[in-house]
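J.: Let me begin by handing over the structure; questions about it come next.
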Amino acid sequence: MSGPRAILIGLPGAGKSEVGKRLARRLGVDFLDSDDLVEQAAGLTIPQIFSHRGEEAFREIEHTEIMRALDTHDGVLSLGGGAVLHPGTRAALAGRPVVYLHVDAHAASTRVRGDGSRPLLTGDPTVKLAELRAQRAPLYTEIAAITVDTSRRNPRQVTVEVGARLPRRVEVGRPGSAGYYEVTIGPDLAGAAAHAVAEASAVLVVHAPAVATLAQRIAAEAGASGVRVALHEMPDAEDAKSLEALAALWDRLGAERIGRDGAVIAVGGGATTDAAGFAAATWLRGITLVNVPTTVLGMVDAAVGGKTGINTPHGKNLAGAFHTPAAVICDLDTLATLPWEDLRAGLAEVIKCGFIADPEILELLEKAPGGPVSATEPASGLLADLVERAVAVKARVVGEDLTERTGGTREFLNYGHTFAHAIEKVENYRWRHGEAVSVGMVFAAELARATGLLAEDLAGRHRAVLEALGLPTGYAGPATKEELLAAMAADKKVRAGVLRFVLLDDLARPRTVTGPAPEHLDAAFAAVLPTERSAP
Ligand SMILES: NC(=O)c1ccc[n+]([C@@H]2O[C@H](COP(=O)([O-])OP(=O)(O)OC[C@H]3O[C@@H](n4cnc5c(N)ncnc54)[C@H](O)[C@@H]3O)[C@@H](O)[C@H]2O)c1
Ligand SMILES: O=C(O)C(=O)C[C@@H](O)[C@H](O)[C@H](O)COP(=O)(O)O
């Protein structure tokens, strides 16, 4: 469990309890108030604890109860206004979804007037509140991940804003079971990445060249909590998935003395998380891995599900291991620097999730006011919704079938990939993976149509949504049909030398088809290759 979904802090009168209860209802989780926990633990009311035992004793009980709640509660937690005065509590809140409910002096004193349950406000509440503000406001600001002003707004409005700004979470696996972890999606999550390795003795932050700044921020945040941290830059893109790059990374793990209690944080696109994940899987036979994907494709696919690996001269992803990450942190802010073509390529895997499992994804794209292309706006709510839905599809599937059993459901995630991986191989990995998957899905749809499985309009829907984004739907490169077929022969789904494809017989109804007839394969080739190269 990674702790509360939201932790509310702020002065008396900020609305923590009311907003907290509403927020918990909205998120479908439980609500806890640290003041209630303290009263239960002490068997006294808060005024009684202050008068019998003093403020210092109160703060100690409060700290103990908050630490317990951070470990055991996964709902909304509201903290007493002075909880942040305890340095241990402040340290424990780093990297967590802390929401500062700000309130101005006038609104706060109006709201607390006549409330006798607050020992620190006895006397003139306005003067007392001003003193508390001077002491606590800088601490609230320092530890808050999100600040929301509540002064002239009602609890419902505040709750809606907090809910919209909180990071989203998708669970992979069953809570409490081995291999369970969470995917966190939201803005400004460098602290959350560092928090995920708080237990490690030493950390190697392995990153793509383009995201060195984010990697340095994560390293600084992790280092601030006392963890020994080093940075390692990988070669860019697919060059990271080579034996040479892997050997250099193993060497670095040794030089940095990363032990069994150490961790790798992989920061980058799918190529980086695949290669760094394989190093984490194999170093000392497996150490903790935290993925911080920085491409759409990495967020919705590569960083989730535990497939790690590198390419070999024989094909794509041929050497690898299943190694489940401890956490996946999708910091949406990082997408601001991602080249537009890479962002768009990631949407091919999102669309794949739409066809194999969640047609609402296709509807969101097709009915977007600006059309599917509006999803390529990095800061758009549409993109955040699509990332969350696609992660949910992947989480569901790998939760059922982690290791891709023959005939199991994980194979369905390979929709479009048999032909896609062949393109990538014949093109020596110069194609973007997502663009190859786009063509691969059209190939699969046309194969399904030729075999009589898929209706014509659904095959057409593939082309329509992919073309609306400007994604490729054909292969006009130099490789021949025979070369592409030879490359497909190295696909991992092949059994006894026979090709197996994931095809659809309807929306969200994938199935595996073994050894399609040569004439059906010819029809699929004819749909994606130039005429002169697709003749049977
Ligand atoms: N393990 C899995 O389950 C899985 C799933 C899908 C794909 N994959 C693999 O993922 C790889 C493709 O991933 P990808 O599309 O993310 O490509 P990528 O990792 O090659 O990244 C694309 C490019 O974007 C750069 N980049 C990354 N983040 C950036 C950012 N925020 N700002 C600016 N530039 C940035 C990278 O350095 C690279 O040049 C393929 O190797 C594919 O096989 C693996
Ligand atoms: O996670 C999976 O399983 C997938 O098949 C997801 C694919 O989108 C991804 O490209 C994966 O890397 C392909 O795996 P491979 O086993 O075909 O190499």
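Residues in the structure tokens are numbered from 1 in each chain, the chains being A, B, ... in the order shown, and ligands are numbered from 1 in the order shown.
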Counting only C-alpha atoms and all ligand atoms, name the residues that have an atom within 7 Å of an atom of ligand 1; the answer should be given as a VMD selection string.
T.: chain A and resid 208 to 211 236 to 238 268 to 272 274 294 to 298 301 to 308 316 to 317 334 to 339 342 345 to 346 432 to 434
J.: With only C-alpha atoms as the counted atoms, please give the residues lying no more than 12 Å from Gly315 of chain A, apart from itself and same-chain residues fewer than 4 positions off, as a list in words.
T.: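 Contacts, with the query itself left out: Lys241, Ser242, Gly309, Ile310, Asn311, Ala319, Thr418, Ala420, His421, Ala422, Ile423, Glu424, Lys425, Val426, Glu427, Asn428, Tyr429, Leu484, Ala486, Ala487, Met488, Ala489, Ala490, Asp491 and Lys492 of chain A.
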J.: Taking 6 positions as the minimum chain separation for residues in the same chain, which residues sit within 8 Å of Ser2 of chain A when counting only C-alpha atoms? Answer as a PDB file with N, CA, C and O atoms, in the first residue's frame.
T.:
```pdb
ATOM      1  N   ASP A  71       0.939   4.467   7.046  1.00  0.00           N
ATOM      2  CA  ASP A  71       1.275   3.081   6.683  1.00  0.00           C
ATOM      3  C   ASP A  71       0.054   2.249   6.328  1.00  0.00           C
ATOM      4  O   ASP A  71       0.144   1.332   5.509  1.00  0.00           O
ATOM      5  N   ASP A  74      -5.519   3.944   3.170  1.00  0.00           N
ATOM      6  CA  ASP A  74      -5.363   4.321   1.764  1.00  0.00           C
ATOM      7  C   ASP A  74      -6.502   5.216   1.293  1.00  0.00           C
ATOM      8  O   ASP A  74      -6.768   5.333   0.104  1.00  0.00           O
ATOM      9  N   GLU A 182       1.192   0.135  -7.583  1.00  0.00           N
ATOM     10  CA  GLU A 182       0.285   1.175  -8.065  1.00  0.00           C
ATOM     11  C   GLU A 182       0.952   2.006  -9.154  1.00  0.00           C
ATOM     12  O   GLU A 182       2.160   2.255  -9.094  1.00  0.00           O
TER      13      GLU A 182
END
```
J.: Residues within 10 Å of Leu23 of chain A, please, as number ranges by chain. Count only C-alpha atoms; anything in the same chain fewer than 4 positions from it doesn't count.
T.: A: 5-6, 17-19, 27-31, 75-76, 155-156, 158-163
J.: Would you please work out which residue, of A:Val112, A:Pro12, A:Arg96, A:Pro518, is nearest to His195 of chain A when using only C-alpha atoms?
T.: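 Smallest distance to His195 of chain A is found for A:Arg96.
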J.: For His417 of chain A, find every residue with an atom within 8 Å (counting only C-alpha atoms), except residues of its own chain fewer than 6 positions away, and show them as a PyMOL selection string.
T.: chain A and resi 436-437+440-441
J.: Point out the residue among A:Ile287, A:Leu382, A:Ala479, A:Val350 with the least atom-to-atom distance to ligand 2, counting only C-alpha atoms and all ligand atoms.
T.: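 The shortest atom-to-atom distance to ligand 2 comes from A:Val350.
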J.: Tell me, as JSON, numbers by chain, which residues lie within 9 Å of Glu377 of chain A, counting only C-alpha atoms; anything in the same chain fewer than 4 positions away does not count.
T.: {"A": [336, 340, 343, 373, 381, 382, 383]}
J.: Next, dump the selected residues to file, keeping only C-alpha atoms, as a PDB file, in the first residue's frame.
T.:
```pdb
ATOM      1  CA  ALA A 336       5.620  18.998 -22.342  1.00  0.00           C
ATOM      2  CA  TRP A 340       4.945  15.704 -30.950  1.00  0.00           C
ATOM      3  CA  LEU A 343       3.543  11.690 -28.229  1.00  0.00           C
ATOM      4  CA  VAL A 373      -5.622  15.020 -32.748  1.00  0.00           C
ATOM      5  CA  GLY A 381      -7.511  16.532 -19.674  1.00  0.00           C
ATOM      6  CA  LEU A 382      -8.327  14.262 -22.631  1.00  0.00           C
ATOM      7  CA  LEU A 383      -4.772  12.911 -22.702  1.00  0.00           C
TER       8      LEU A 383
END
```
J.: What is the distance, in Å and to one decimal place, between atom CA of Gly10 of chain A and atom CA of His86 of chain A?
T.: 14.4 Å
J.: Can you measure atom CA of Arg53 of chain A to atom CA of Ser34 of chain A for me? One decimal in Å is fine.
T.: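 Answer for the atom CA of Arg53 of chain A to atom CA of Ser34 of chain A separation: 17.8 Å.
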J.: Find the residues near segment 358-364 of chain A: any atom within 7 Å, counting only C-alpha atoms, skip ones fewer than 5 places away on the same chain, and give them as a count of residues only.
T.: 5
J.: State, in Å with one decimal place, the distance from atom CA of Ala144 of chain A to atom CA of Lys16 of chain A.
T.: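 Pair atom CA of Ala144 of chain A / atom CA of Lys16 of chain A returns 13.9 Å.
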J.: Taking only segment 285-527 of chain A into account, list the residues labelled strand (DSSP E or B) by DSSP (computed from the backbone), as a VMD selection string.
T.: chain A and resid 288 to 293 307 to 312 315 to 322 327 to 331 495 498 500 to 506 509 to 514
J.: How would the residues just chosen look if you wrote them out with N, CA, C and O atoms as a short mmCIF file (atom, residue, chain, number, x, y, z; two decimals), in the first residue's frame?
T.:
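Saved as result.cif:
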```cif
data_model
loop_
_atom_site.label_atom_id
_atom_site.label_comp_id
_atom_site.auth_asym_id
_atom_site.auth_seq_id
_atom_site.Cartn_x
_atom_site.Cartn_y
_atom_site.Cartn_z
N THR A 288 15.00 -3.93 -6.54
CA THR A 288 13.81 -3.08 -6.67
C THR A 288 13.91 -2.17 -7.90
O THR A 288 14.96 -1.56 -8.15
N LEU A 289 12.79 -2.07 -8.61
CA LEU A 289 12.71 -1.22 -9.80
C LEU A 289 11.53 -0.26 -9.65
O LEU A 289 10.42 -0.68 -9.32
N VAL A 290 11.80 1.01 -9.87
CA VAL A 290 10.70 2.00 -9.93
C VAL A 290 10.77 2.63 -11.32
O VAL A 290 11.82 3.11 -11.74
N ASN A 291 9.66 2.59 -12.04
CA ASN A 291 9.63 3.15 -13.39
C ASN A 291 9.02 4.55 -13.38
O ASN A 291 7.95 4.77 -12.80
N VAL A 292 9.72 5.48 -14.02
CA VAL A 292 9.19 6.83 -14.22
C VAL A 292 9.13 7.06 -15.74
O VAL A 292 10.06 7.62 -16.33
N PRO A 293 8.07 6.57 -16.39
CA PRO A 293 7.99 6.71 -17.85
C PRO A 293 7.78 8.17 -18.23
O PRO A 293 7.02 8.89 -17.58
N LYS A 307 7.26 -6.55 -18.21
CA LYS A 307 8.11 -7.07 -19.30
C LYS A 307 9.33 -6.17 -19.42
O LYS A 307 9.19 -4.95 -19.57
N THR A 308 10.51 -6.76 -19.34
CA THR A 308 11.74 -5.99 -19.52
C THR A 308 12.57 -6.71 -20.58
O THR A 308 12.37 -7.89 -20.80
N GLY A 309 13.50 -6.01 -21.21
CA GLY A 309 14.34 -6.75 -22.16
C GLY A 309 15.08 -5.86 -23.13
O GLY A 309 14.96 -4.64 -23.12
N ILE A 310 15.90 -6.54 -23.93
CA ILE A 310 16.67 -5.87 -24.97
C ILE A 310 16.46 -6.61 -26.30
O ILE A 310 15.91 -7.71 -26.32
N ASN A 311 16.93 -5.99 -27.38
CA ASN A 311 16.84 -6.62 -28.70
C ASN A 311 18.10 -7.44 -28.96
O ASN A 311 19.14 -7.19 -28.34
N THR A 312 18.02 -8.42 -29.86
CA THR A 312 19.23 -9.13 -30.30
C THR A 312 19.23 -9.06 -31.83
O THR A 312 18.21 -8.69 -32.44
N GLY A 315 16.12 -10.34 -33.41
CA GLY A 315 14.80 -9.70 -33.32
C GLY A 315 14.59 -8.86 -32.08
O GLY A 315 15.48 -8.72 -31.23
N LYS A 316 13.37 -8.36 -32.00
CA LYS A 316 12.96 -7.39 -30.98
C LYS A 316 12.68 -8.08 -29.65
O LYS A 316 12.00 -9.11 -29.62
N ASN A 317 13.18 -7.53 -28.57
CA ASN A 317 12.85 -7.97 -27.19
C ASN A 317 13.12 -9.46 -26.98
O ASN A 317 12.40 -10.11 -26.23
N LEU A 318 14.14 -10.01 -27.63
CA LEU A 318 14.29 -11.47 -27.54
C LEU A 318 14.96 -11.92 -26.25
O LEU A 318 14.77 -13.05 -25.81
N ALA A 319 15.75 -11.05 -25.61
CA ALA A 319 16.34 -11.43 -24.33
C ALA A 319 15.71 -10.53 -23.26
O ALA A 319 15.73 -9.31 -23.36
N GLY A 320 15.11 -11.15 -22.25
CA GLY A 320 14.45 -10.32 -21.25
C GLY A 320 13.95 -11.15 -20.09
O GLY A 320 14.24 -12.35 -19.98
N ALA A 321 13.22 -10.50 -19.21
CA ALA A 321 12.69 -11.19 -18.02
C ALA A 321 11.43 -10.46 -17.58
O ALA A 321 11.26 -9.28 -17.87
N PHE A 322 10.56 -11.18 -16.89
CA PHE A 322 9.45 -10.52 -16.22
C PHE A 322 9.96 -10.02 -14.88
O PHE A 322 10.50 -10.81 -14.08
N ALA A 327 6.76 0.39 -8.19
CA ALA A 327 5.83 1.50 -8.40
C ALA A 327 6.08 2.06 -9.79
O ALA A 327 7.18 1.95 -10.32
N VAL A 328 5.03 2.66 -10.36
CA VAL A 328 5.18 3.35 -11.64
C VAL A 328 4.63 4.77 -11.45
O VAL A 328 3.50 4.95 -10.99
N ILE A 329 5.46 5.74 -11.77
CA ILE A 329 5.09 7.14 -11.53
C ILE A 329 5.03 7.85 -12.89
O ILE A 329 6.06 8.05 -13.54
N CYS A 330 3.83 8.23 -13.30
CA CYS A 330 3.65 8.91 -14.60
C CYS A 330 3.49 10.40 -14.35
O CYS A 330 2.38 10.87 -14.03
N ASP A 331 4.56 11.13 -14.48
CA ASP A 331 4.53 12.58 -14.25
C ASP A 331 4.14 13.26 -15.57
O ASP A 331 4.98 13.39 -16.48
N ARG A 495 4.50 -20.98 -32.30
CA ARG A 495 4.63 -22.29 -31.65
C ARG A 495 4.83 -23.32 -32.76
O ARG A 495 4.08 -23.31 -33.75
N VAL A 498 4.85 -22.21 -36.30
CA VAL A 498 3.63 -21.70 -36.94
C VAL A 498 3.29 -20.33 -36.35
O VAL A 498 3.29 -20.14 -35.13
N ARG A 500 1.27 -17.25 -34.99
CA ARG A 500 -0.01 -17.05 -34.28
C ARG A 500 -0.25 -15.54 -34.18
O ARG A 500 0.67 -14.80 -33.84
N PHE A 501 -1.46 -15.13 -34.48
CA PHE A 501 -1.81 -13.69 -34.45
C PHE A 501 -2.91 -13.43 -33.43
O PHE A 501 -3.81 -14.27 -33.25
N VAL A 502 -2.85 -12.27 -32.81
CA VAL A 502 -4.00 -11.80 -32.05
C VAL A 502 -4.89 -11.05 -33.03
O VAL A 502 -4.44 -10.10 -33.69
N LEU A 503 -6.13 -11.50 -33.15
CA LEU A 503 -7.09 -10.84 -34.06
C LEU A 503 -8.37 -10.53 -33.29
O LEU A 503 -8.59 -11.08 -32.20
N LEU A 504 -9.18 -9.68 -33.85
CA LEU A 504 -10.47 -9.35 -33.21
C LEU A 504 -11.59 -10.04 -33.97
O LEU A 504 -11.56 -10.09 -35.20
N ASP A 505 -12.61 -10.53 -33.22
CA ASP A 505 -13.82 -10.91 -33.98
C ASP A 505 -14.92 -9.88 -33.73
O ASP A 505 -15.98 -9.94 -34.33
N ASP A 506 -14.64 -8.92 -32.86
CA ASP A 506 -15.53 -7.78 -32.66
C ASP A 506 -14.77 -6.79 -31.78
O ASP A 506 -13.67 -7.11 -31.30
N ARG A 509 -13.15 -7.91 -28.38
CA ARG A 509 -13.20 -9.39 -28.39
C ARG A 509 -11.98 -9.94 -29.12
O ARG A 509 -12.08 -10.41 -30.26
N PRO A 510 -10.81 -9.89 -28.44
CA PRO A 510 -9.61 -10.44 -29.08
C PRO A 510 -9.54 -11.96 -28.95
O PRO A 510 -10.13 -12.53 -28.03
N ARG A 511 -8.87 -12.59 -29.87
CA ARG A 511 -8.63 -14.04 -29.78
C ARG A 511 -7.33 -14.35 -30.52
O ARG A 511 -6.83 -13.52 -31.30
N THR A 512 -6.79 -15.51 -30.26
CA THR A 512 -5.55 -15.88 -30.95
C THR A 512 -5.90 -16.80 -32.11
O THR A 512 -6.69 -17.73 -31.95
N VAL A 513 -5.30 -16.53 -33.27
CA VAL A 513 -5.55 -17.35 -34.45
C VAL A 513 -4.21 -17.96 -34.89
O VAL A 513 -3.23 -17.24 -35.07
N THR A 514 -4.19 -19.28 -35.01
CA THR A 514 -2.95 -19.99 -35.35
C THR A 514 -2.93 -20.31 -36.84
O THR A 514 -3.93 -20.78 -37.39
#
```
J.: Would you return as a VMD selection string the members of segment 159-325 of chain A that DSSP assigns to helix (DSSP H, G or I) on this structure's backbone?
T.: chain A and resid 159 to 165 190 to 195 209 to 224 237 to 241 243 to 255 270 to 285 296 to 302
J.: Using only C-alpha atoms and all ligand atoms for the distances, tell me which of A:Val300, A:Ala357, A:Ala455, A:Ala445 is nearest to ligand 2.
T.: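 Looking only at the distances to ligand 2, the closest residue turns out to be A:Val300.
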J.: For ligand 2, which residue among A:Thr403, A:Thr126, A:Thr451, A:Gln157 is the nearest when counting only C-alpha atoms and all ligand atoms?
T.: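 Of A:Thr403, A:Thr126, A:Thr451, A:Gln157, the one nearest ligand 2 is A:Thr403, counting only C-alpha atoms and all ligand atoms.
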J.: Using only C-alpha atoms, pick whichever of A:Ala202, A:Ala107, A:Ala468, A:Leu101 has the shortest atom-to-atom distance to Arg344 of chain A.
T.: A:Ala468
J.: Using only C-alpha atoms and all ligand atoms for the distances, tell me which of A:Lys493, A:Arg396, A:Arg533, A:His207 is nearest to ligand 2.
T.: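 Selected residue with least distance to ligand 2: A:Lys493.
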